[in-house]
file coords20.cif (mmCIF, C-alpha atoms)
data_work
loop_
_atom_site.group_PDB
_atom_site.id
_atom_site.type_symbol
_atom_site.label_atom_id
_atom_site.label_comp_id
_atom_site.auth_asym_id
_atom_site.auth_seq_id
_atom_site.Cartn_x
_atom_site.Cartn_y
_atom_site.Cartn_z
ATOM 1 C CA MET Q 1 75.576 -26.092 60.968
ATOM 2 C CA PRO Q 2 75.451 -27.987 57.681
ATOM 3 C CA GLU Q 3 76.066 -31.672 58.357
ATOM 4 C CA LEU Q 4 77.138 -34.506 56.070
ATOM 5 C CA PRO Q 5 73.972 -34.552 53.886
ATOM 6 C CA GLU Q 6 74.052 -30.784 53.317
ATOM 7 C CA VAL Q 7 77.756 -30.770 52.488
ATOM 8 C CA GLU Q 8 77.311 -33.747 50.172
ATOM 9 C CA THR Q 9 74.418 -31.936 48.461
ATOM 10 C CA VAL Q 10 76.677 -28.906 47.928
ATOM 11 C CA ARG Q 11 79.487 -31.136 46.625
ATOM 12 C CA ARG Q 12 77.187 -32.717 44.047
ATOM 13 C CA GLY Q 13 75.880 -29.317 42.993
ATOM 14 C CA LEU Q 14 79.383 -27.921 42.542
ATOM 15 C CA GLU Q 15 80.472 -30.991 40.604
ATOM 16 C CA GLN Q 16 77.488 -30.700 38.283
ATOM 17 C CA LYS Q 17 77.611 -26.953 37.757
ATOM 18 C CA LEU Q 18 81.317 -26.175 37.503
ATOM 19 C CA ASN Q 19 82.271 -27.842 34.251
ATOM 20 C CA ASN Q 20 85.655 -26.563 33.039
ATOM 21 C CA PHE Q 21 85.629 -23.709 35.552
ATOM 22 C CA ILE Q 22 89.114 -22.163 35.415
ATOM 23 C CA ILE Q 23 89.750 -19.533 38.068
ATOM 24 C CA LYS Q 24 90.894 -16.322 36.364
ATOM 25 C CA LYS Q 25 90.188 -13.888 39.190
ATOM 26 C CA VAL Q 26 89.726 -14.147 42.962
ATOM 27 C CA GLU Q 27 88.282 -11.424 45.158
ATOM 28 C CA VAL Q 28 88.591 -11.786 48.935
ATOM 29 C CA CYS Q 29 85.931 -9.625 50.562
ATOM 30 C CA ARG Q 30 86.704 -10.732 54.125
ATOM 31 C CA ASP Q 31 90.299 -11.618 54.996
ATOM 32 C CA SER Q 32 89.410 -13.818 57.992
ATOM 33 C CA THR Q 33 87.679 -16.318 55.694
ATOM 34 C CA VAL Q 34 91.103 -17.291 54.337
ATOM 35 C CA ALA Q 35 92.589 -19.701 56.885
ATOM 36 C CA PHE Q 36 95.684 -20.669 54.856
ATOM 37 C CA PRO Q 37 98.035 -19.336 53.598
ATOM 38 C CA SER Q 38 98.133 -16.554 56.176
ATOM 39 C CA ASN Q 39 98.777 -14.018 53.395
ATOM 40 C CA LYS Q 40 95.585 -13.565 51.363
ATOM 41 C CA ASP Q 41 97.604 -12.438 48.324
ATOM 42 C CA GLU Q 42 99.373 -15.795 48.347
ATOM 43 C CA PHE Q 43 95.956 -17.490 48.521
ATOM 44 C CA ILE Q 44 94.768 -15.513 45.487
ATOM 45 C CA LYS Q 45 97.933 -15.991 43.465
ATOM 46 C CA GLY Q 46 97.984 -19.704 44.172
ATOM 47 C CA LEU Q 47 94.459 -20.207 42.833
ATOM 48 C CA LEU Q 48 94.808 -18.239 39.597
ATOM 49 C CA ASN Q 49 94.719 -20.320 36.398
ATOM 50 C CA SER Q 50 93.495 -23.332 38.348
ATOM 51 C CA LEU Q 51 90.916 -25.674 36.879
ATOM 52 C CA ILE Q 52 88.552 -26.979 39.542
ATOM 53 C CA TYR Q 53 89.049 -30.551 38.425
ATOM 54 C CA LYS Q 54 87.290 -32.704 41.000
ATOM 55 C CA TRP Q 55 85.193 -32.238 44.139
ATOM 56 C CA ASP Q 56 85.439 -34.531 47.165
ATOM 57 C CA ARG Q 57 84.005 -34.455 50.678
ATOM 58 C CA ARG Q 58 85.503 -35.599 53.974
ATOM 59 C CA GLY Q 59 83.162 -35.247 56.930
ATOM 60 C CA LYS Q 60 81.904 -31.662 56.693
ATOM 61 C CA TYR Q 61 84.854 -30.477 54.577
ATOM 62 C CA LEU Q 62 84.620 -29.809 50.829
ATOM 63 C CA ILE Q 63 87.847 -30.552 48.954
ATOM 64 C CA ALA Q 64 88.472 -29.350 45.394
ATOM 65 C CA GLU Q 65 91.359 -30.901 43.489
ATOM 66 C CA LEU Q 66 93.021 -28.274 41.308
ATOM 67 C CA LYS Q 67 94.872 -28.561 37.992
ATOM 68 C CA GLU Q 68 97.200 -25.862 36.694
ATOM 69 C CA VAL Q 69 96.166 -24.456 33.298
ATOM 70 C CA GLN Q 70 98.673 -22.091 31.699
ATOM 71 C CA ASN Q 71 97.351 -22.256 28.136
ATOM 72 C CA GLU Q 72 93.666 -22.981 27.656
ATOM 73 C CA ASN Q 73 94.139 -23.549 23.939
ATOM 74 C CA THR Q 74 96.539 -26.431 24.450
ATOM 75 C CA GLN Q 75 94.794 -29.771 24.136
ATOM 76 C CA LEU Q 76 96.694 -31.371 27.004
ATOM 77 C CA SER Q 77 95.052 -34.238 28.808
ATOM 78 C CA LEU Q 78 93.803 -33.036 32.170
ATOM 79 C CA GLU Q 79 95.007 -36.286 33.663
ATOM 80 C CA ASN Q 80 98.543 -35.212 32.778
ATOM 81 C CA SER Q 81 98.122 -31.561 33.764
ATOM 82 C CA GLN Q 82 100.183 -30.387 36.687
ATOM 83 C CA ASN Q 83 98.552 -30.608 40.086
ATOM 84 C CA ASN Q 84 97.989 -27.225 41.722
ATOM 85 C CA GLY Q 85 97.080 -28.398 45.197
ATOM 86 C CA PHE Q 86 93.666 -28.273 46.842
ATOM 87 C CA LEU Q 87 91.018 -25.728 47.794
ATOM 88 C CA VAL Q 88 89.390 -26.845 51.054
ATOM 89 C CA ILE Q 89 86.207 -25.297 52.466
ATOM 90 C CA HIS Q 90 84.352 -25.665 55.747
ATOM 91 C CA LEU Q 91 80.934 -23.989 55.625
ATOM 92 C CA ARG Q 92 80.524 -23.821 59.430
ATOM 93 C CA MET Q 93 77.211 -22.328 60.573
ATOM 94 C CA THR Q 94 75.903 -20.275 57.675
ATOM 95 C CA GLY Q 95 78.235 -20.579 54.690
ATOM 96 C CA TYR Q 96 76.933 -21.452 51.229
ATOM 97 C CA PHE Q 97 77.832 -21.083 47.556
ATOM 98 C CA LYS Q 98 75.980 -19.427 44.703
ATOM 99 C CA PHE Q 99 76.811 -19.883 41.024
ATOM 100 C CA ILE Q 100 76.033 -16.726 39.093
ATOM 101 C CA GLU Q 101 76.204 -16.472 35.338
ATOM 102 C CA LYS Q 102 77.333 -12.988 34.340
ATOM 103 C CA SER Q 103 78.343 -11.682 37.729
ATOM 104 C CA THR Q 104 76.216 -9.161 39.635
ATOM 105 C CA HIS Q 105 76.945 -6.818 42.538
ATOM 106 C CA PRO Q 106 77.620 -8.895 45.690
ATOM 107 C CA CYS Q 107 75.511 -8.774 48.851
ATOM 108 C CA LYS Q 108 77.099 -7.531 52.080
ATOM 109 C CA HIS Q 109 77.634 -11.091 53.345
ATOM 110 C CA THR Q 110 79.751 -12.132 50.362
ATOM 111 C CA ARG Q 111 83.148 -13.318 51.603
ATOM 112 C CA ILE Q 112 85.047 -14.698 48.578
ATOM 113 C CA ARG Q 113 84.359 -14.548 44.833
ATOM 114 C CA PHE Q 114 85.830 -16.757 42.095
ATOM 115 C CA PHE Q 115 85.492 -15.782 38.411
ATOM 116 C CA ASP Q 116 86.166 -17.589 35.142
ATOM 117 C CA LYS Q 117 87.083 -15.957 31.802
ATOM 118 C CA ASN Q 118 83.390 -15.500 30.925
ATOM 119 C CA ASN Q 119 82.748 -13.604 34.176
ATOM 120 C CA ASN Q 120 80.727 -16.479 35.620
ATOM 121 C CA GLU Q 121 81.032 -16.293 39.382
ATOM 122 C CA LEU Q 122 81.223 -18.844 42.170
ATOM 123 C CA ARG Q 123 80.297 -16.744 45.183
ATOM 124 C CA TYR Q 124 80.794 -17.759 48.810
ATOM 125 C CA VAL Q 125 78.272 -16.130 51.155
ATOM 126 C CA ASP Q 126 78.455 -16.435 54.935
ATOM 127 C CA VAL Q 127 76.241 -14.349 57.235
ATOM 128 C CA ARG Q 128 78.017 -15.227 60.494
ATOM 129 C CA SER Q 129 81.477 -15.453 58.899
ATOM 130 C CA PHE Q 130 82.636 -18.623 60.675
ATOM 131 C CA GLY Q 131 83.364 -20.487 57.435
ATOM 132 C CA GLN Q 132 86.956 -20.936 56.283
ATOM 133 C CA MET Q 133 88.968 -21.720 53.155
ATOM 134 C CA TRP Q 134 92.436 -23.145 52.694
ATOM 135 C CA TRP Q 135 94.597 -23.316 49.580
ATOM 136 C CA ILE Q 136 96.995 -26.174 50.219
ATOM 137 C CA ASN Q 137 99.834 -26.178 47.696
ATOM 138 C CA LYS Q 138 101.069 -29.422 46.172
ATOM 139 C CA GLY Q 139 103.535 -31.247 48.384
ATOM 140 C CA LEU Q 140 101.900 -30.010 51.598
ATOM 141 C CA SER Q 141 99.791 -32.277 53.816
ATOM 142 C CA LEU Q 142 96.106 -31.380 54.138
ATOM 143 C CA ASN Q 143 95.798 -33.347 57.368
ATOM 144 C CA LYS Q 144 98.747 -31.579 59.010
ATOM 145 C CA ILE Q 145 97.683 -28.065 58.051
ATOM 146 C CA ILE Q 146 93.967 -28.570 58.796
ATOM 147 C CA LYS Q 147 93.947 -30.258 62.201
ATOM 148 C CA GLY Q 148 90.214 -30.951 62.164
ATOM 149 C CA LEU Q 149 90.527 -32.768 58.860
ATOM 150 C CA GLY Q 150 93.388 -34.935 60.065
ATOM 151 C CA SER Q 151 91.563 -36.100 63.190
ATOM 152 C CA LEU Q 152 88.310 -37.213 61.543
ATOM 153 C CA GLY Q 153 86.902 -40.657 62.206
ATOM 154 C CA PRO Q 154 85.610 -42.941 59.424
ATOM 155 C CA GLU Q 155 82.850 -41.914 57.030
ATOM 156 C CA PRO Q 156 79.432 -43.403 57.873
ATOM 157 C CA PHE Q 157 79.252 -44.970 54.387
ATOM 158 C CA SER Q 158 82.716 -46.523 54.530
ATOM 159 C CA LYS Q 159 83.481 -50.186 55.184
ATOM 160 C CA ASP Q 160 85.434 -49.135 58.291
ATOM 161 C CA PHE Q 161 82.239 -47.935 59.956
ATOM 162 C CA ASP Q 162 80.339 -50.943 61.276
ATOM 163 C CA ALA Q 163 78.987 -52.390 64.523
ATOM 164 C CA ASN Q 164 82.383 -53.885 65.413
ATOM 165 C CA TYR Q 165 84.046 -50.503 65.046
ATOM 166 C CA LEU Q 166 81.376 -48.864 67.207
ATOM 167 C CA LYS Q 167 81.738 -51.547 69.856
ATOM 168 C CA LYS Q 168 85.496 -51.035 69.933
ATOM 169 C CA VAL Q 169 85.403 -47.248 70.296
ATOM 170 C CA ILE Q 170 82.586 -47.034 72.863
ATOM 171 C CA SER Q 171 83.098 -50.151 74.987
ATOM 172 C CA LYS Q 172 84.601 -48.237 77.920
ATOM 173 C CA ARG Q 173 83.100 -44.791 77.403
ATOM 174 C CA THR Q 174 80.765 -43.343 80.000
ATOM 175 C CA LYS Q 175 79.708 -40.431 77.796
ATOM 176 C CA SER Q 176 76.174 -40.436 76.425
ATOM 177 C CA ILE Q 177 75.702 -42.116 73.048
ATOM 178 C CA LYS Q 178 74.482 -38.752 71.704
ATOM 179 C CA ALA Q 179 77.795 -37.094 72.687
ATOM 180 C CA ILE Q 180 79.677 -39.968 71.045
ATOM 181 C CA LEU Q 181 77.849 -39.517 67.736
ATOM 182 C CA LEU Q 182 78.677 -35.787 67.752
ATOM 183 C CA ASP Q 183 82.394 -36.526 68.205
ATOM 184 C CA GLN Q 184 83.943 -36.049 64.750
ATOM 185 C CA THR Q 185 86.982 -38.124 65.728
ATOM 186 C CA ILE Q 186 84.695 -41.155 66.136
ATOM 187 C CA VAL Q 187 82.477 -40.735 63.082
ATOM 188 C CA ALA Q 188 82.758 -37.955 60.501
ATOM 189 C CA GLY Q 189 79.921 -35.710 59.419
ATOM 190 C CA ILE Q 190 77.141 -36.365 61.944
ATOM 191 C CA GLY Q 191 75.759 -33.347 63.787
ATOM 192 C CA ASN Q 192 72.810 -32.595 66.022
ATOM 193 C CA ILE Q 193 69.984 -33.248 63.571
ATOM 194 C CA TYR Q 194 71.122 -36.635 62.317
ATOM 195 C CA ALA Q 195 72.307 -37.852 65.722
ATOM 196 C CA ASP Q 196 68.783 -37.285 67.086
ATOM 197 C CA GLU Q 197 67.095 -38.845 64.064
ATOM 198 C CA SER Q 198 69.411 -41.876 63.981
ATOM 199 C CA LEU Q 199 68.950 -42.615 67.688
ATOM 200 C CA TYR Q 200 65.187 -42.358 67.318
ATOM 201 C CA SER Q 201 65.245 -44.723 64.345
ATOM 202 C CA ALA Q 202 67.354 -47.195 66.338
ATOM 203 C CA GLY Q 203 65.126 -46.907 69.431
ATOM 204 C CA ILE Q 204 68.052 -45.857 71.650
ATOM 205 C CA SER Q 205 67.820 -43.136 74.281
ATOM 206 C CA PRO Q 206 70.323 -40.315 73.642
ATOM 207 C CA PHE Q 207 71.121 -40.316 77.374
ATOM 208 C CA ARG Q 208 72.348 -43.923 77.530
ATOM 209 C CA GLU Q 209 75.987 -44.364 78.499
ATOM 210 C CA ALA Q 210 77.770 -45.476 75.336
ATOM 211 C CA ARG Q 211 79.241 -48.549 77.026
ATOM 212 C CA THR Q 212 75.752 -49.874 77.837
ATOM 213 C CA ILE Q 213 74.717 -50.194 74.172
ATOM 214 C CA LYS Q 214 74.410 -53.889 73.300
ATOM 215 C CA ASN Q 215 75.713 -55.531 70.109
ATOM 216 C CA ASN Q 216 72.302 -55.908 68.490
ATOM 217 C CA GLU Q 217 71.579 -52.248 69.251
ATOM 218 C CA LEU Q 218 74.881 -51.190 67.696
ATOM 219 C CA ILE Q 219 74.009 -53.059 64.512
ATOM 220 C CA LYS Q 220 70.661 -51.267 64.391
ATOM 221 C CA LEU Q 221 72.271 -47.902 65.172
ATOM 222 C CA LYS Q 222 74.799 -48.263 62.377
ATOM 223 C CA GLU Q 223 72.024 -49.160 59.925
ATOM 224 C CA SER Q 224 69.876 -46.267 61.151
ATOM 225 C CA ILE Q 225 72.703 -43.752 60.702
ATOM 226 C CA VAL Q 226 73.306 -44.861 57.111
ATOM 227 C CA THR Q 227 69.584 -44.940 56.257
ATOM 228 C CA VAL Q 228 68.828 -41.512 57.761
ATOM 229 C CA LEU Q 229 71.833 -39.881 56.067
ATOM 230 C CA LYS Q 230 71.011 -41.417 52.669
ATOM 231 C CA LYS Q 231 67.391 -40.316 52.969
ATOM 232 C CA SER Q 232 68.446 -36.762 53.767
ATOM 233 C CA ILE Q 233 70.942 -36.628 50.894
ATOM 234 C CA GLY Q 234 68.111 -37.725 48.602
ATOM 235 C CA SER Q 235 66.026 -34.826 49.946
ATOM 236 C CA GLY Q 236 68.798 -32.293 49.454
ATOM 237 C CA GLY Q 237 69.578 -31.782 53.127
ATOM 238 C CA THR Q 238 67.539 -30.178 55.883
ATOM 239 C CA THR Q 239 65.595 -26.917 56.103
ATOM 240 C CA PHE Q 240 66.481 -26.328 59.755
ATOM 241 C CA SER Q 241 69.788 -24.544 59.240
ATOM 242 C CA ASP Q 242 70.757 -21.590 57.081
ATOM 243 C CA PHE Q 243 71.784 -24.173 54.519
ATOM 244 C CA ARG Q 244 71.288 -23.381 50.820
ATOM 245 C CA ASP Q 245 72.255 -25.502 47.861
ATOM 246 C CA LEU Q 246 73.971 -24.048 44.783
ATOM 247 C CA GLU Q 247 70.646 -22.830 43.429
ATOM 248 C CA GLY Q 248 69.818 -21.054 46.699
ATOM 249 C CA GLU Q 249 67.213 -23.626 47.724
ATOM 250 C CA ASN Q 250 66.595 -25.133 51.184
ATOM 251 C CA GLY Q 251 66.654 -28.887 51.657
ATOM 252 C CA ASN Q 252 63.451 -30.851 52.204
ATOM 253 C CA PHE Q 253 64.483 -33.331 54.906
ATOM 254 C CA GLY Q 254 63.188 -31.044 57.654
ATOM 255 C CA LEU Q 255 59.662 -31.881 56.546
ATOM 256 C CA GLN Q 256 60.296 -35.537 57.374
ATOM 257 C CA THR Q 257 62.059 -35.422 60.762
ATOM 258 C CA ASN Q 258 60.639 -37.625 63.496
ATOM 259 C CA VAL Q 259 62.002 -35.885 66.590
ATOM 260 C CA TYR Q 260 64.288 -32.974 65.693
ATOM 261 C CA ARG Q 261 62.538 -29.633 66.323
ATOM 262 C CA ARG Q 262 59.273 -31.483 67.106
ATOM 263 C CA THR Q 263 59.203 -30.712 70.853
ATOM 264 C CA GLY Q 264 55.696 -31.144 72.265
ATOM 265 C CA LYS Q 265 54.375 -32.810 69.119
ATOM 266 C CA GLU Q 266 53.137 -36.378 68.998
ATOM 267 C CA CYS Q 267 55.564 -39.165 68.192
ATOM 268 C CA ARG Q 268 54.759 -40.563 64.748
ATOM 269 C CA LYS Q 269 54.981 -44.110 66.133
ATOM 270 C CA CYS Q 270 53.381 -44.104 69.586
ATOM 271 C CA GLY Q 271 51.639 -40.744 69.994
ATOM 272 C CA ASN Q 272 53.721 -39.804 73.057
ATOM 273 C CA LEU Q 273 54.946 -36.203 73.141
ATOM 274 C CA ILE Q 274 58.458 -35.496 71.894
ATOM 275 C CA GLU Q 275 60.715 -34.004 74.581
ATOM 276 C CA ARG Q 276 63.791 -31.779 74.421
ATOM 277 C CA GLN Q 277 66.762 -31.436 76.772
ATOM 278 C CA LYS Q 278 70.366 -30.357 76.397
ATOM 279 C CA ILE Q 279 73.259 -32.829 76.202
ATOM 280 C CA THR Q 280 76.778 -31.352 76.164
ATOM 281 C CA GLY Q 281 75.234 -27.988 75.339
ATOM 282 C CA ARG Q 282 73.233 -29.270 72.356
ATOM 283 C CA SER Q 283 69.442 -29.450 72.199
ATOM 284 C CA THR Q 284 68.407 -33.084 72.056
ATOM 285 C CA HIS Q 285 65.024 -34.325 70.899
ATOM 286 C CA TRP Q 286 63.657 -37.779 71.670
ATOM 287 C CA CYS Q 287 60.610 -39.916 72.440
ATOM 288 C CA PRO Q 288 60.845 -41.304 76.002
ATOM 289 C CA LYS Q 289 58.516 -44.186 75.117
ATOM 290 C CA CYS Q 290 60.143 -45.357 71.876
ATOM 291 C CA GLN Q 291 63.761 -44.791 72.927
ATOM 292 C CA LYS Q 292 65.185 -46.827 75.808
#
call {"tool": "encode", "arguments": {"input": "coords20.cif", "output": "structure tokens"}}
result
Amino acid sequence: MPELPEVETVRRGLEQKLNNFIIKKVEVCRDSTVAFPSNKDEFIKGLLNSLIYKWDRRGKYLIAELKEVQNENTQLSLENSQNNGFLVIHLRMTGYFKFIEKSTHPCKHTRIRFFDKNNNELRYVDVRSFGQMWWINKGLSLNKIIKGLGSLGPEPFSKDFDANYLKKVISKRTKSIKAILLDQTIVAGIGNIYADESLYSAGISPFREARTIKNNELIKLKESIVTVLKKSIGSGGTTFSDFRDLEGENGNFGLQTNVYRRTGKECRKCGNLIERQKITGRSTHWCPKCQK
């Protein structure tokens, strides 16, 4: 599943590519991709004549702020244009976007298509079809309609995410620190890859009970999470998922991982062999010598 760095890479690509993209036509190829409103025709109608004004990210959710454009020839300030709600996307396992100038025939995994007046297409492709989209009209609460969005913990790059916060939320928890990092209500956006890489960087065993992590280790873990995520964003995400950026390219971070998907290979620090075992149903990779 695309994690924070992949979703942030997509957000930046969409922001860069979709300049003055006004939705003039929407084609829903798979009804189940539309999570809200329940009527796909209402979803389509709500998005028409919407300028995709601004892209944000919260955890693994992409959030597009929409502006209503009734007359494209009117030189109204976009700042003063009427809000037309939000388009929210969760890519899930295999979802990705493609921007296509002069639209072509869609592949069989195309789920939703957005067109502008010049027939440029923003195409959403999803092989396993777990991804979802919501059009949330103005006046409605995103957090109430999308439960997963409303329950997210702080962003790893926010001032609210620090060693003191970690100490507070894990002080009495007997779950493994790996399970804690995967809990989106504790910290938003971290998944299997970056939990493994962050714990390796911090020298902490993924099997440790969260409450046993000392203050100095929490400081190092917080710093490791931020460093690993920033490094991956700079590399355009990881190659280990079905992730594609807007140009259809894989990320490059997979070439630099220290433990993830390196089972049986030598640790880059000590030469010990990397091991793999499941924690809460997720494959976990670690170095028994470097991580205590």
call {"tool": "residues_near_point", "arguments": {"input": "coords20.cif", "point": "(82.8, -12.7, 46.6)", "cutoff": "12 Å", "atoms": "only C-alpha atoms", "output": "NGL selection string"}}
result
:Q and (25-31 or 33 or 96-100 or 103-115 or 120-126)
call {"tool": "closest_residue", "arguments": {"input": "coords20.cif", "among": "Q:Ile44, Q:Ile279, Q:Cys270, Q:Cys290", "to": "Q:Asn192", "atoms": "all atoms listed in the file"}}
result
Q:Ile279
call {"tool": "resolve_selection", "arguments": {"input": "coords20.cif", "expression": "the PyMOL selection byres ((chain Q and resi 216-223) around 8)", "output": "MDAnalysis selection string"}}
result
chainID Q and resid 161:163 166:167 198:199 201:202 204 213:215 224:227
call {"tool": "residues_around", "arguments": {"input": "coords20.cif", "residues": "Q:Gly153", "least_positions_apart": "3", "cutoff": "8 Å", "atoms": "all atoms listed in the file", "output": "list in words"}}
result
Gln184, Thr185, Ile186, Val187 and Ala188 of chain Q
call {"tool": "resolve_selection", "arguments": {"input": "coords20.cif", "expression": "the PyMOL selection byres ((chain Q and resi 263) around 12)", "output": "short mmCIF file (atom, residue, chain, number, x, y, z; two decimals) with C-alpha atoms, in the frame of the given file"}}
result
data_model
loop_
_atom_site.label_atom_id
_atom_site.label_comp_id
_atom_site.auth_asym_id
_atom_site.auth_seq_id
_atom_site.Cartn_x
_atom_site.Cartn_y
_atom_site.Cartn_z
CA THR Q 257 62.06 -35.42 60.76
CA ASN Q 258 60.64 -37.62 63.50
CA VAL Q 259 62.00 -35.88 66.59
CA TYR Q 260 64.29 -32.97 65.69
CA ARG Q 261 62.54 -29.63 66.32
CA ARG Q 262 59.27 -31.48 67.11
CA GLY Q 264 55.70 -31.14 72.26
CA LYS Q 265 54.38 -32.81 69.12
CA GLU Q 266 53.14 -36.38 69.00
CA CYS Q 267 55.56 -39.16 68.19
CA ASN Q 272 53.72 -39.80 73.06
CA LEU Q 273 54.95 -36.20 73.14
CA ILE Q 274 58.46 -35.50 71.89
CA GLU Q 275 60.72 -34.00 74.58
CA ARG Q 276 63.79 -31.78 74.42
CA GLN Q 277 66.76 -31.44 76.77
CA SER Q 283 69.44 -29.45 72.20
CA THR Q 284 68.41 -33.08 72.06
CA HIS Q 285 65.02 -34.33 70.90
CA TRP Q 286 63.66 -37.78 71.67
CA CYS Q 287 60.61 -39.92 72.44
CA PRO Q 288 60.84 -41.30 76.00
#
